$ cat target.csv   # CSV, C-alpha atoms and all ligand atoms
chain,number,residue,atom,x,y,z
A,1,MET,CA,0.0,0.0,0.0
A,2,LYS,CA,1.2,3.6,-0.7
A,3,ILE,CA,0.1,7.0,0.3
A,4,VAL,CA,-1.3,8.9,-2.7
A,5,ASP,CA,-2.7,12.1,-1.0
A,6,ALA,CA,-2.4,14.1,2.2
A,7,LYS,CA,-4.9,16.9,2.5
A,8,VAL,CA,-5.3,19.5,5.2
A,9,VAL,CA,-9.0,20.5,5.9
A,10,VAL,CA,-9.7,23.6,8.0
A,11,THR,CA,-13.2,24.2,9.2
A,12,SER,CA,-15.0,26.3,11.8
A,13,PRO,CA,-18.3,24.8,12.8
A,14,GLY,CA,-18.5,27.1,15.8
A,15,ARG,CA,-14.7,27.0,16.5
A,16,ASN,CA,-11.7,26.2,14.3
A,17,PHE,CA,-10.5,22.6,13.7
A,18,VAL,CA,-7.6,21.4,11.5
A,19,THR,CA,-7.7,17.9,10.2
A,20,LEU,CA,-5.3,15.9,8.1
A,21,ARG,CA,-6.8,13.3,5.7
A,22,ILE,CA,-4.4,10.7,4.2
A,23,THR,CA,-5.5,8.6,1.3
A,24,THR,CA,-3.9,5.4,0.0
A,25,ASP,CA,-3.7,3.8,-3.4
A,26,GLU,CA,-6.1,1.1,-2.1
A,27,GLY,CA,-8.7,3.8,-1.3
A,28,LEU,CA,-8.3,3.7,2.5
A,29,THR,CA,-8.4,7.0,4.2
A,30,GLY,CA,-7.2,8.0,7.7
A,31,LEU,CA,-7.9,11.2,9.7
A,32,GLY,CA,-5.7,13.0,12.3
A,33,ASP,CA,-6.5,16.1,14.4
A,34,ALA,CA,-3.9,19.0,14.2
A,35,THR,CA,-5.9,21.7,16.0
A,36,LEU,CA,-3.8,24.2,18.0
A,37,ASN,CA,-6.2,26.6,19.5
A,38,GLY,CA,-5.4,30.2,18.5
A,39,ARG,CA,-2.4,29.3,16.3
A,40,GLU,CA,-4.2,27.0,13.9
A,41,LEU,CA,-2.7,28.2,10.6
A,42,ALA,CA,0.9,27.6,11.7
A,43,VAL,CA,0.2,23.9,11.9
A,44,VAL,CA,-1.7,24.0,8.6
A,45,SER,CA,1.4,25.5,6.9
A,46,TYR,CA,3.7,23.0,8.7
A,47,LEU,CA,1.6,20.1,7.3
A,48,ARG,CA,0.7,21.5,3.9
A,49,ASP,CA,4.1,23.0,3.0
A,50,HIS,CA,6.6,20.8,4.7
A,51,VAL,CA,5.1,17.4,5.6
A,52,ALA,CA,2.4,16.4,3.1
A,53,PRO,CA,4.8,16.3,0.1
A,54,LEU,CA,7.1,13.9,2.0
A,55,LEU,CA,4.2,11.5,2.7
A,56,ILE,CA,3.4,10.7,-0.9
A,57,GLY,CA,4.6,7.3,-1.9
A,58,LEU,CA,5.3,6.1,1.6
A,59,ASP,CA,4.0,2.8,3.0
A,60,PRO,CA,1.2,3.9,5.5
A,61,HIS,CA,1.9,0.8,7.6
A,62,ARG,CA,5.3,2.1,8.6
A,63,ILE,CA,4.0,4.4,11.4
A,64,GLU,CA,7.0,4.3,13.7
A,65,ASP,CA,9.4,4.9,10.9
A,66,THR,CA,7.4,7.8,9.5
A,67,TRP,CA,7.1,9.3,13.0
A,68,GLN,CA,10.8,9.0,13.7
A,69,SER,CA,11.7,10.5,10.3
A,70,LEU,CA,9.4,13.5,10.8
A,71,TYR,CA,10.6,14.1,14.4
A,72,ARG,CA,14.4,13.5,13.9
A,73,GLY,CA,14.4,14.6,10.3
A,74,ALA,CA,13.1,18.1,11.1
A,75,TYR,CA,16.1,18.6,13.4
A,76,TRP,CA,14.1,21.4,15.1
A,77,ARG,CA,12.4,19.2,17.7
A,78,ARG,CA,9.4,19.5,19.9
A,79,GLY,CA,7.1,22.4,20.4
A,80,PRO,CA,3.3,22.5,19.9
A,81,VAL,CA,3.3,23.3,16.2
A,82,THR,CA,5.7,20.5,15.2
A,83,MET,CA,4.1,18.0,17.5
A,84,ALA,CA,0.5,18.8,16.5
A,85,ALA,CA,1.5,18.2,12.9
A,86,ILE,CA,3.3,14.9,13.6
A,87,ALA,CA,0.3,13.9,15.8
A,88,ALA,CA,-2.0,14.3,12.8
A,89,VAL,CA,0.1,12.1,10.6
A,90,ASP,CA,0.5,9.4,13.4
A,91,VAL,CA,-3.2,9.2,14.1
A,92,ALA,CA,-4.2,9.2,10.4
A,93,LEU,CA,-1.7,6.3,9.9
A,94,TRP,CA,-3.1,4.3,12.9
A,95,ASP,CA,-6.6,4.9,11.5
A,96,ILE,CA,-5.5,3.4,8.1
A,97,LYS,CA,-3.7,0.5,9.7
A,98,ALA,CA,-6.8,-0.4,11.8
A,99,LYS,CA,-9.1,0.0,8.9
A,100,ALA,CA,-6.8,-2.3,6.8
A,101,ALA,CA,-7.1,-4.8,9.6
A,102,GLY,CA,-10.8,-4.4,9.8
A,103,LEU,CA,-10.5,-3.7,13.6
A,104,PRO,CA,-11.3,-0.8,15.9
A,105,LEU,CA,-8.0,0.9,16.8
A,106,TYR,CA,-8.1,-0.1,20.5
A,107,GLN,CA,-7.7,-3.8,19.3
A,108,LEU,CA,-4.3,-3.0,17.8
A,109,LEU,CA,-3.3,-1.2,21.1
A,110,GLY,CA,-3.7,-4.4,23.1
A,111,GLY,CA,-7.4,-4.6,23.3
A,112,ALA,CA,-9.8,-3.3,25.9
A,113,SER,CA,-8.5,-3.1,29.5
A,114,ARG,CA,-12.0,-2.0,30.7
A,115,ASP,CA,-15.6,-1.9,29.6
A,116,ARG,CA,-15.9,1.8,29.3
A,117,VAL,CA,-14.1,5.1,29.9
A,118,ALA,CA,-15.0,7.3,32.8
A,119,THR,CA,-15.0,11.0,32.2
A,120,TYR,CA,-15.2,14.3,34.1
A,121,GLY,CA,-17.3,17.2,33.0
A,122,HIS,CA,-16.9,21.0,33.6
A,123,ALA,CA,-19.2,22.8,36.1
A,124,SER,CA,-18.8,26.5,36.7
A,125,GLY,CA,-20.6,29.5,38.1
A,126,ARG,CA,-20.0,33.1,38.9
A,127,ASP,CA,-21.5,32.4,42.4
A,128,LEU,CA,-22.5,29.4,44.4
A,129,PRO,CA,-26.2,29.1,43.2
A,130,GLU,CA,-25.0,29.2,39.6
A,131,LEU,CA,-22.2,26.7,40.3
A,132,PHE,CA,-24.6,24.3,42.1
A,133,ASP,CA,-27.0,24.4,39.1
A,134,SER,CA,-24.1,23.7,36.8
A,135,VAL,CA,-23.0,20.7,39.0
A,136,ARG,CA,-26.6,19.4,39.0
A,137,GLN,CA,-26.8,19.6,35.2
A,138,LYS,CA,-23.5,17.6,34.9
A,139,LEU,CA,-24.8,15.0,37.4
A,140,GLU,CA,-28.0,14.6,35.3
A,141,LEU,CA,-25.8,13.8,32.3
A,142,GLY,CA,-24.3,11.0,34.3
A,143,TYR,CA,-20.8,12.5,34.7
A,144,PRO,CA,-19.1,10.5,37.5
A,145,ALA,CA,-16.6,13.3,38.3
A,146,ILE,CA,-16.9,17.1,38.1
A,147,ARG,CA,-14.4,19.9,37.6
A,148,ILE,CA,-15.3,23.0,39.7
A,149,GLN,CA,-14.4,26.5,38.4
A,150,THR,CA,-15.8,29.5,40.1
A,151,GLY,CA,-16.0,33.3,39.9
A,152,VAL,CA,-13.9,35.2,42.4
A,153,PRO,CA,-15.5,38.3,44.2
A,154,GLY,CA,-14.1,41.4,42.7
A,155,LEU,CA,-13.0,39.9,39.4
A,156,ARG,CA,-14.9,40.4,36.2
A,157,THR,CA,-13.9,37.2,34.4
A,158,VAL,CA,-12.1,34.0,35.5
A,159,TYR,CA,-10.8,31.1,33.4
A,160,GLY,CA,-13.5,28.4,32.9
A,161,VAL,CA,-16.4,30.5,34.1
A,162,GLY,CA,-19.1,31.4,31.6
A,163,GLY,CA,-18.3,32.3,28.0
A,164,SER,CA,-15.7,35.1,27.5
A,165,ALA,CA,-17.0,38.3,26.0
A,166,ALA,CA,-16.8,38.5,22.2
A,167,ALA,CA,-13.3,39.3,21.0
A,168,PRO,CA,-12.9,43.0,20.2
A,169,ALA,CA,-11.8,43.7,16.6
A,170,ASP,CA,-9.0,46.0,15.4
A,171,PRO,CA,-9.8,48.6,12.6
A,172,THR,CA,-9.1,46.0,9.9
A,173,GLY,CA,-11.7,43.6,11.5
A,174,HIS,CA,-9.1,41.2,12.8
A,175,PRO,CA,-10.0,40.0,16.3
A,176,ARG,CA,-7.9,40.9,19.4
A,177,PRO,CA,-7.6,38.6,22.4
A,178,VAL,CA,-10.2,39.2,25.2
A,179,VAL,CA,-8.5,40.6,28.3
A,180,GLU,CA,-9.4,38.8,31.6
A,181,ASP,CA,-8.4,40.0,35.1
A,182,TRP,CA,-6.8,38.2,38.0
A,183,ASP,CA,-6.0,38.6,41.7
A,184,THR,CA,-4.2,35.6,43.2
A,185,ALA,CA,-4.8,36.6,46.8
A,186,ALA,CA,-8.5,37.0,46.3
A,187,TYR,CA,-8.6,33.6,44.5
A,188,LEU,CA,-6.7,31.8,47.3
A,189,ARG,CA,-9.0,33.3,49.9
A,190,HIS,CA,-12.1,32.3,48.0
A,191,LEU,CA,-11.5,28.9,46.6
A,192,PRO,CA,-11.5,26.8,49.8
A,193,THR,CA,-14.8,28.3,50.8
A,194,VAL,CA,-16.3,27.2,47.5
A,195,PHE,CA,-15.1,23.6,47.9
A,196,GLU,CA,-16.5,23.6,51.5
A,197,ALA,CA,-19.9,24.7,50.1
A,198,VAL,CA,-19.8,22.2,47.2
A,199,ARG,CA,-18.9,19.3,49.6
A,200,SER,CA,-21.7,20.2,52.0
A,201,GLU,CA,-24.2,20.5,49.1
A,202,PHE,CA,-23.2,17.4,47.2
A,203,GLY,CA,-21.7,15.1,49.9
A,204,ALA,CA,-18.4,13.5,50.5
A,205,GLU,CA,-18.3,10.9,47.6
A,206,LEU,CA,-18.5,13.0,44.4
A,207,PRO,CA,-15.0,13.2,42.8
A,208,LEU,CA,-14.2,16.9,42.5
A,209,LEU,CA,-11.4,18.4,40.4
A,210,HIS,CA,-10.1,22.0,39.9
A,211,ASP,CA,-7.9,23.6,37.3
A,212,ALA,CA,-5.6,26.5,38.6
A,213,HIS,CA,-4.5,27.1,34.9
A,214,HIS,CA,-0.8,27.8,35.7
A,215,ARG,CA,-1.5,30.8,37.8
A,216,LEU,CA,0.3,30.2,41.2
A,217,THR,CA,3.8,30.2,42.5
A,218,PRO,CA,5.0,27.0,44.2
A,219,VAL,CA,4.5,28.4,47.7
A,220,GLN,CA,1.0,29.5,46.8
A,221,ALA,CA,0.2,26.2,45.2
A,222,GLY,CA,1.5,24.3,48.2
A,223,ARG,CA,-0.7,26.3,50.5
A,224,LEU,CA,-3.7,25.9,48.3
A,225,GLY,CA,-3.2,22.1,48.1
A,226,LYS,CA,-3.0,21.9,51.9
A,227,GLU,CA,-6.1,24.1,52.4
A,228,LEU,CA,-8.0,21.9,50.0
A,229,GLU,CA,-7.0,18.6,51.7
A,230,PRO,CA,-10.2,18.5,53.8
A,231,TYR,CA,-12.3,18.4,50.6
A,232,ARG,CA,-10.4,15.4,49.2
A,233,LEU,CA,-10.0,16.6,45.6
A,234,PHE,CA,-9.6,14.0,42.8
A,235,TRP,CA,-6.9,16.5,41.6
A,236,LEU,CA,-5.6,20.0,41.5
A,237,GLU,CA,-4.5,20.7,37.9
A,238,ASP,CA,-1.8,23.0,36.5
A,239,CYS,CA,-1.2,24.6,39.8
A,240,THR,CA,2.1,26.3,38.7
A,241,PRO,CA,3.3,27.2,35.2
A,242,ALA,CA,3.8,23.7,33.7
A,243,GLU,CA,7.1,24.3,32.0
A,244,ASN,CA,8.9,24.5,35.3
A,245,GLN,CA,9.1,20.8,36.5
A,246,GLU,CA,11.2,21.7,39.6
A,247,ALA,CA,8.4,23.8,41.0
A,248,LEU,CA,6.4,20.7,41.6
A,249,ARG,CA,8.9,19.5,44.2
A,250,LEU,CA,8.0,22.2,46.6
A,251,VAL,CA,4.3,21.8,45.9
A,252,ARG,CA,4.5,18.0,46.4
A,253,GLY,CA,6.4,18.4,49.6
A,254,ASN,CA,3.7,20.5,51.1
A,255,THR,CA,0.4,18.8,50.2
A,256,VAL,CA,-1.1,15.4,49.5
A,257,THR,CA,-3.8,16.8,47.3
A,258,PRO,CA,-3.3,14.8,44.0
A,259,LEU,CA,-1.7,16.8,41.2
A,260,ALA,CA,-2.3,16.7,37.4
A,261,ILE,CA,-0.3,18.4,34.7
A,262,GLY,CA,0.7,18.1,31.1
A,263,GLU,CA,-1.9,19.6,28.7
A,264,VAL,CA,0.8,22.1,27.3
A,265,PHE,CA,3.5,19.4,27.1
A,266,ASN,CA,4.7,18.0,23.8
A,267,THR,CA,7.1,15.2,24.6
A,268,VAL,CA,8.2,12.8,27.4
A,269,HIS,CA,11.1,15.1,28.2
A,270,ASP,CA,8.6,17.6,29.7
A,271,TYR,CA,7.6,14.9,32.2
A,272,GLN,CA,11.0,13.3,33.1
A,273,ALA,CA,11.3,14.7,36.6
A,274,LEU,CA,7.6,14.8,37.2
A,275,ILE,CA,7.3,11.1,36.6
A,276,THR,CA,10.6,9.6,37.9
A,277,GLU,CA,10.3,11.6,41.1
A,278,GLN,CA,6.6,10.9,41.4
A,279,LEU,CA,5.7,14.6,41.6
A,280,ILE,CA,2.4,14.2,39.9
A,281,ASP,CA,-0.5,11.7,39.9
A,282,TYR,CA,-2.0,12.3,36.5
A,283,ALA,CA,-0.4,13.0,33.1
A,284,ARG,CA,-2.7,15.2,31.1
A,285,SER,CA,-1.4,15.4,27.5
A,286,ALA,CA,-3.7,15.4,24.4
A,287,VAL,CA,-3.1,12.9,21.6
A,288,THR,CA,-3.3,16.0,19.4
A,289,HIS,CA,-0.4,18.0,21.0
A,290,PHE,CA,1.9,15.2,22.0
A,291,GLY,CA,2.8,13.8,18.6
A,292,GLY,CA,0.0,11.2,18.4
A,293,ILE,CA,-1.0,7.8,19.7
A,294,SER,CA,2.5,6.3,19.4
A,295,PRO,CA,4.4,8.6,21.8
A,296,LEU,CA,1.4,9.0,24.2
A,297,ARG,CA,1.2,5.3,24.5
A,298,LYS,CA,4.9,5.2,25.4
A,299,LEU,CA,4.5,8.0,27.9
A,300,PHE,CA,1.7,6.1,29.7
A,301,ASP,CA,3.7,2.9,29.8
A,302,PHE,CA,6.6,4.8,31.3
A,303,ALA,CA,4.3,6.6,33.8
A,304,ALA,CA,2.8,3.3,34.8
A,305,GLN,CA,6.1,2.2,36.3
A,306,TYR,CA,5.7,5.1,38.8
A,307,GLN,CA,2.0,4.8,39.5
A,308,VAL,CA,1.2,7.9,37.5
A,309,LYS,CA,-2.2,7.5,35.6
A,310,SER,CA,-3.5,8.8,32.3
A,311,ALA,CA,-5.9,11.8,32.1
A,312,VAL,CA,-6.0,12.8,28.4
A,313,HIS,CA,-6.8,16.4,27.7
A,314,GLY,CA,-10.3,16.7,26.2
A,315,PRO,CA,-11.6,20.3,25.9
A,316,GLU,CA,-13.8,21.6,23.1
A,317,ASP,CA,-10.7,22.5,21.1
A,318,ILE,CA,-9.7,18.9,20.6
A,319,SER,CA,-11.7,17.8,17.5
A,320,PRO,CA,-13.8,14.7,17.5
A,321,VAL,CA,-10.9,13.1,15.6
A,322,GLY,CA,-8.5,13.8,18.5
A,323,MET,CA,-11.2,12.7,21.0
A,324,ALA,CA,-11.8,9.4,19.1
A,325,ALA,CA,-8.0,8.7,19.2
A,326,ALA,CA,-8.0,9.4,22.9
A,327,VAL,CA,-10.9,7.1,23.7
A,328,HIS,CA,-9.3,4.2,21.9
A,329,LEU,CA,-6.1,4.7,23.9
A,330,ASP,CA,-8.1,5.2,27.2
A,331,LEU,CA,-9.8,1.8,26.7
A,332,ALA,CA,-6.5,0.0,26.0
A,333,VAL,CA,-3.9,1.3,28.5
A,334,HIS,CA,-3.8,-0.3,31.9
A,335,ASN,CA,-3.0,2.8,33.9
A,336,PHE,CA,-6.1,4.8,32.7
A,337,GLY,CA,-7.1,7.5,35.2
A,338,ILE,CA,-9.9,9.5,33.8
A,339,GLN,CA,-10.8,11.3,30.5
A,340,GLU,CA,-11.8,14.9,30.2
A,341,TYR,CA,-14.9,15.2,28.1
A,342,ALA,CA,-16.4,18.6,27.2
A,343,GLY,CA,-18.4,17.4,24.2
A,344,HIS,CA,-18.9,19.4,21.0
A,345,THR,CA,-21.7,21.4,19.4
A,346,PRO,CA,-24.3,19.6,17.3
A,347,LEU,CA,-22.9,21.2,14.1
A,348,THR,CA,-19.4,19.9,15.0
A,349,GLU,CA,-20.8,16.5,15.4
A,350,GLU,CA,-22.4,16.7,12.0
A,351,VAL,CA,-19.1,17.7,10.4
A,352,PHE,CA,-17.3,14.9,12.2
A,353,ARG,CA,-19.6,11.9,12.5
A,354,HIS,CA,-18.1,9.5,15.0
A,355,ALA,CA,-18.6,6.0,16.3
A,356,TYR,CA,-17.6,6.8,19.9
A,357,THR,CA,-20.5,7.2,22.3
A,358,PHE,CA,-21.1,9.1,25.5
A,359,THR,CA,-23.6,7.3,27.8
A,360,ASP,CA,-24.1,7.8,31.5
A,361,GLY,CA,-20.9,9.8,31.8
A,362,HIS,CA,-18.8,7.2,30.1
A,363,LEU,CA,-17.2,7.0,26.6
A,364,HIS,CA,-16.8,4.0,24.4
A,365,PRO,CA,-14.9,4.1,21.1
A,366,GLY,CA,-17.4,1.8,19.3
A,367,GLU,CA,-16.5,-1.1,17.0
A,368,ALA,CA,-16.1,0.7,13.6
A,369,PRO,CA,-12.8,-0.1,12.0
A,370,GLY,CA,-10.0,2.5,12.5
A,371,ILE,CA,-10.7,5.4,14.9
A,372,GLY,CA,-14.3,5.5,13.7
A,373,VAL,CA,-14.7,9.1,12.5
A,374,GLU,CA,-16.0,10.3,9.1
A,375,LEU,CA,-15.4,13.9,7.9
A,376,ASP,CA,-18.1,15.6,5.9
A,377,GLU,CA,-15.9,17.7,3.7
A,378,GLU,CA,-18.8,19.6,2.0
A,379,LEU,CA,-20.2,20.7,5.3
A,380,ALA,CA,-16.7,21.5,6.6
A,381,ALA,CA,-16.1,23.7,3.5
A,382,ALA,CA,-19.4,25.6,4.3
A,383,HIS,CA,-17.9,26.7,7.6
A,384,PRO,CA,-14.5,28.3,6.7
A,385,TYR,CA,-11.7,29.3,9.1
A,386,LYS,CA,-12.3,32.3,11.4
A,387,PRO,CA,-9.3,34.0,13.1
A,388,ASP,CA,-9.7,33.8,16.8
A,389,TYR,CA,-7.5,34.0,20.0
A,390,LEU,CA,-7.3,32.6,23.5
A,391,PRO,CA,-7.7,35.4,26.1
A,392,VAL,CA,-4.8,37.1,27.8
A,393,ASN,CA,-4.9,37.7,31.6
A,394,ARG,CA,-3.8,40.9,33.5
A,395,LEU,CA,-3.4,41.7,37.1
A,396,GLN,CA,-5.4,44.6,38.4
A,397,ASP,CA,-2.4,47.0,37.9
A,398,GLY,CA,-2.3,45.9,34.3
A,399,THR,CA,0.6,43.4,34.5
A,400,VAL,CA,0.3,40.4,32.2
A,401,HIS,CA,-0.2,37.2,34.2
A,402,ASP,CA,-0.3,33.5,33.1
A,403,TRP,CA,-3.5,32.5,31.4
B,501,LIG,C1,-8.5,22.0,30.2
B,501,LIG,C2,-7.8,23.2,29.6
B,501,LIG,C3,-8.4,23.9,28.5
B,501,LIG,C4,-7.5,24.9,27.9
B,501,LIG,C5,-7.7,25.0,26.4
B,501,LIG,C6,-6.8,26.0,25.7
B,501,LIG,O1,-8.2,21.6,31.3
B,501,LIG,O2,-9.4,21.5,29.5
B,501,LIG,O3,-7.2,24.0,30.6
B,501,LIG,O4,-9.6,24.5,28.9
B,501,LIG,O5,-7.5,26.1,28.4
B,501,LIG,O6,-7.6,23.7,25.8
B,501,LIG,O7,-7.0,25.9,24.3
B,502,MG,MG,-6.5,22.5,32.1

$ encode --input "target.csv" --output "structure tokens"
Amino acid sequence: MKIVDAKVVVTSPGRNFVTLRITTDEGLTGLGDATLNGRELAVVSYLRDHVAPLLIGLDPHRIEDTWQSLYRGAYWRRGPVTMAAIAAVDVALWDIKAKAAGLPLYQLLGGASRDRVATYGHASGRDLPELFDSVRQKLELGYPAIRIQTGVPGLRTVYGVGGSAAAPADPTGHPRPVVEDWDTAAYLRHLPTVFEAVRSEFGAELPLLHDAHHRLTPVQAGRLGKELEPYRLFWLEDCTPAENQEALRLVRGNTVTPLAIGEVFNTVHDYQALITEQLIDYARSAVTHFGGISPLRKLFDFAAQYQVKSAVHGPEDISPVGMAAAVHLDLAVHNFGIQEYAGHTPLTEEVFRHAYTFTDGHLHPGEAPGIGVELDEELAAAHPYKPDYLPVNRLQDGTVHDW
């Protein structure tokens, strides 16, 4: 078998998604997600201008060899643009291999290690009544675990709470990032009171998570973890800026609140100290930003030796193609922890029809050969790319802070 075409499809059924479609001379096609939120076109160019021409004529079965030649051959290693592009190729080739075998991908990854994949959903509110309503909605959908994000008194906007205001446009009509505001002291005072209220409303058993979105210093994170201990969190995520692995030593030394990190990581090297020193409990990378199924599988196998579990990143900006790949991996790896699942808009689900199902808070990849996703290219073309940005965050004196 030979690759005869590699096409990049950009579509915006509500938000931007980048998809690679590889076609073989036997008529098999494979899909890979290459969406990098807010910097989408950089990956499109990487794939279209630099990678797609190299794929033509290759044997699609040689996944590891293709992966290594794209990674090592570029010389300029790592980084989200490179690794999202390589991820799309890797997943599309796994999709083709599994279709050629007539099997759902999870069967090629060792088969199912569990019956279904537990997820967590996002609950948020500007105040407690709004937050409690949001938790109830997620419980009605069957989510077995819930992430809690809350407004902070005195702050207009906080990560994860409500939709951001529409992005302002510059005079040419190009959007500008929304500016959100932040006050670490106010957040640290407020958050434990929210968890106390949620525990007393919803009881001791519901697994609760929280995402600090890289905003704290190690000392602040250590204190927060300690103050949240009475509420027994499932995890505290991205408590400090993730690129500094050493920071987690101080946090870990000061709290037994479980820690999760990794959605902005691209390779195993970002995790080295975190895993070998057992500084985290959950590894959070997305198939889409970590170079694909091949390296993420290796990461989870490495992490398993240190009792670190998987928790694949699954926000709205991972397309159904990236989500499908994640669910196959989740079903197969032994050290599965939990899967984030935010779901997609009905229009997105029409553009990407998928075999995976979400029932009672649990995902299953389905039994369709490959990853089980079909891309409706006509509908995709009817919803063209729209420039957009993630927000930026400023302290109350105007200083830029981590978002
Ligand atoms: C999460 C993440 C996301 C990111 C988003 C950026 O835990 O799901 O923090 O919400 O902010 O993926 O594009
Ligand atoms: Mg996060």

$ residues_around --input "target.csv" --residues "A:Asp127" --least-positions-apart "5" --cutoff "10 Å" --atoms "all atoms listed in the file" --output "PDB file with C-alpha atoms, in the frame of the given file"
ATOM      1  CA  PHE A 132     -24.600  24.300  42.100  1.00  0.00           C
ATOM      2  CA  THR A 150     -15.800  29.500  40.100  1.00  0.00           C
ATOM      3  CA  GLY A 151     -16.000  33.300  39.900  1.00  0.00           C
ATOM      4  CA  VAL A 152     -13.900  35.200  42.400  1.00  0.00           C
ATOM      5  CA  PRO A 153     -15.500  38.300  44.200  1.00  0.00           C
ATOM      6  CA  VAL A 161     -16.400  30.500  34.100  1.00  0.00           C
ATOM      7  CA  VAL A 194     -16.300  27.200  47.500  1.00  0.00           C
TER       8      VAL A 194
END

$ residues_around --input "target.csv" --residues "stretch 23-39 of chain A" --least-positions-apart "2" --cutoff "8 Å" --atoms "only C-alpha atoms" --output "compact mmCIF listing (two decimals) with C-alpha atoms, in the frame of the given file"
# COMPACT_ATOMS: atom_id res chain seq x y z
CA MET A 1 0.00 0.00 0.00
CA LYS A 2 1.20 3.60 -0.70
CA ILE A 3 0.10 7.00 0.30
CA VAL A 4 -1.30 8.90 -2.70
CA ASP A 5 -2.70 12.10 -1.00
CA ALA A 6 -2.40 14.10 2.20
CA ASN A 16 -11.70 26.20 14.30
CA PHE A 17 -10.50 22.60 13.70
CA VAL A 18 -7.60 21.40 11.50
CA THR A 19 -7.70 17.90 10.20
CA LEU A 20 -5.30 15.90 8.10
CA ARG A 21 -6.80 13.30 5.70
CA LEU A 41 -2.70 28.20 10.60
CA ALA A 42 0.90 27.60 11.70
CA VAL A 43 0.20 23.90 11.90
CA VAL A 44 -1.70 24.00 8.60
CA PRO A 60 1.20 3.90 5.50
CA PRO A 80 3.30 22.50 19.90
CA VAL A 81 3.30 23.30 16.20
CA ALA A 84 0.50 18.80 16.50
CA ALA A 85 1.50 18.20 12.90
CA ALA A 87 0.30 13.90 15.80
CA ALA A 88 -2.00 14.30 12.80
CA VAL A 89 0.10 12.10 10.60
CA ASP A 90 0.50 9.40 13.40
CA VAL A 91 -3.20 9.20 14.10
CA ALA A 92 -4.20 9.20 10.40
CA LEU A 93 -1.70 6.30 9.90
CA TRP A 94 -3.10 4.30 12.90
CA ASP A 95 -6.60 4.90 11.50
CA ILE A 96 -5.50 3.40 8.10
CA LYS A 99 -9.10 0.00 8.90
CA ALA A 100 -6.80 -2.30 6.80
CA THR A 288 -3.30 16.00 19.40
CA HIS A 289 -0.40 18.00 21.00
CA ASP A 317 -10.70 22.50 21.10
CA ILE A 318 -9.70 18.90 20.60
CA SER A 319 -11.70 17.80 17.50
CA VAL A 321 -10.90 13.10 15.60
CA GLY A 322 -8.50 13.80 18.50
CA GLY A 370 -10.00 2.50 12.50
CA VAL A 373 -14.70 9.10 12.50
CA PRO A 387 -9.30 34.00 13.10
CA ASP A 388 -9.70 33.80 16.80
CA TYR A 389 -7.50 34.00 20.00
CA LEU A 390 -7.30 32.60 23.50

$ residues_near_ligand --input "target.csv" --ligand "ligand LIG 501 (chain B)" --cutoff "7 Å" --atoms "only C-alpha atoms and all ligand atoms" --output "count of residues only"
10

$ residues_around --input "target.csv" --residues "A:Leu248" --least-positions-apart "6" --cutoff "8 Å" --atoms "only C-alpha atoms" --output "list in words"
Pro218, Thr240, Leu274, Leu279 and Ile280 of chain A

$ write_last_selection --input "target.csv" --atoms "C-alpha atoms" --output "tab-separated table (two decimals), in the coordinates of the input"
chain	number	residue	atom	x	y	z
A	218	PRO	CA	5.00	27.00	44.20
A	240	THR	CA	2.10	26.30	38.70
A	274	LEU	CA	7.60	14.80	37.20
A	279	LEU	CA	5.70	14.60	41.60
A	280	ILE	CA	2.40	14.20	39.90

$ atom_distance --input "target.csv" --atom1 "atom CA of A:Arg147" --atom2 "atom CA of A:Leu331"
21.6 Å

$ atom_distance --input "target.csv" --atom1 "atom CA of A:Leu395" --atom2 "atom CA of A:Gln220"
16.2 Å

$ closest_residue --input "target.csv" --among "A:Ala311, A:Ala169, A:Ala381, A:Leu329" --to "ligand MG 502 (chain B)" --atoms "all atoms listed in the file"
A:Ala311

$ residues_around --input "target.csv" --residues "stretch 256-260 of chain A" --least-positions-apart "6" --cutoff "12 Å" --atoms "only C-alpha atoms" --output "number ranges by chain"
A: 207-214, 221-240, 242, 248-250, 271, 274-275, 278-285, 308-313, 337-338

$ atom_distance --input "target.csv" --atom1 "atom CA of A:Gln68" --atom2 "atom CA of A:His50"
15.4 Å

$ residues_around --input "target.csv" --residues "A:Arg78" --least-positions-apart "4" --cutoff "8 Å" --atoms "all atoms listed in the file" --output "list of chain:residue names"
A:Tyr71, A:Thr82, A:Met83, A:Asn266, A:Thr267

$ closest_residue --input "target.csv" --among "A:His122, A:Glu201, A:Gly292, A:Ser134" --to "ligand MG 502 (chain B)" --atoms "only C-alpha atoms and all ligand atoms"
A:His122

$ closest_residue --input "target.csv" --among "A:Ala112, A:Ala326, A:Val351, A:Ile148" --to "ligand MG 502 (chain B)" --atoms "all atoms listed in the file"
A:Ile148
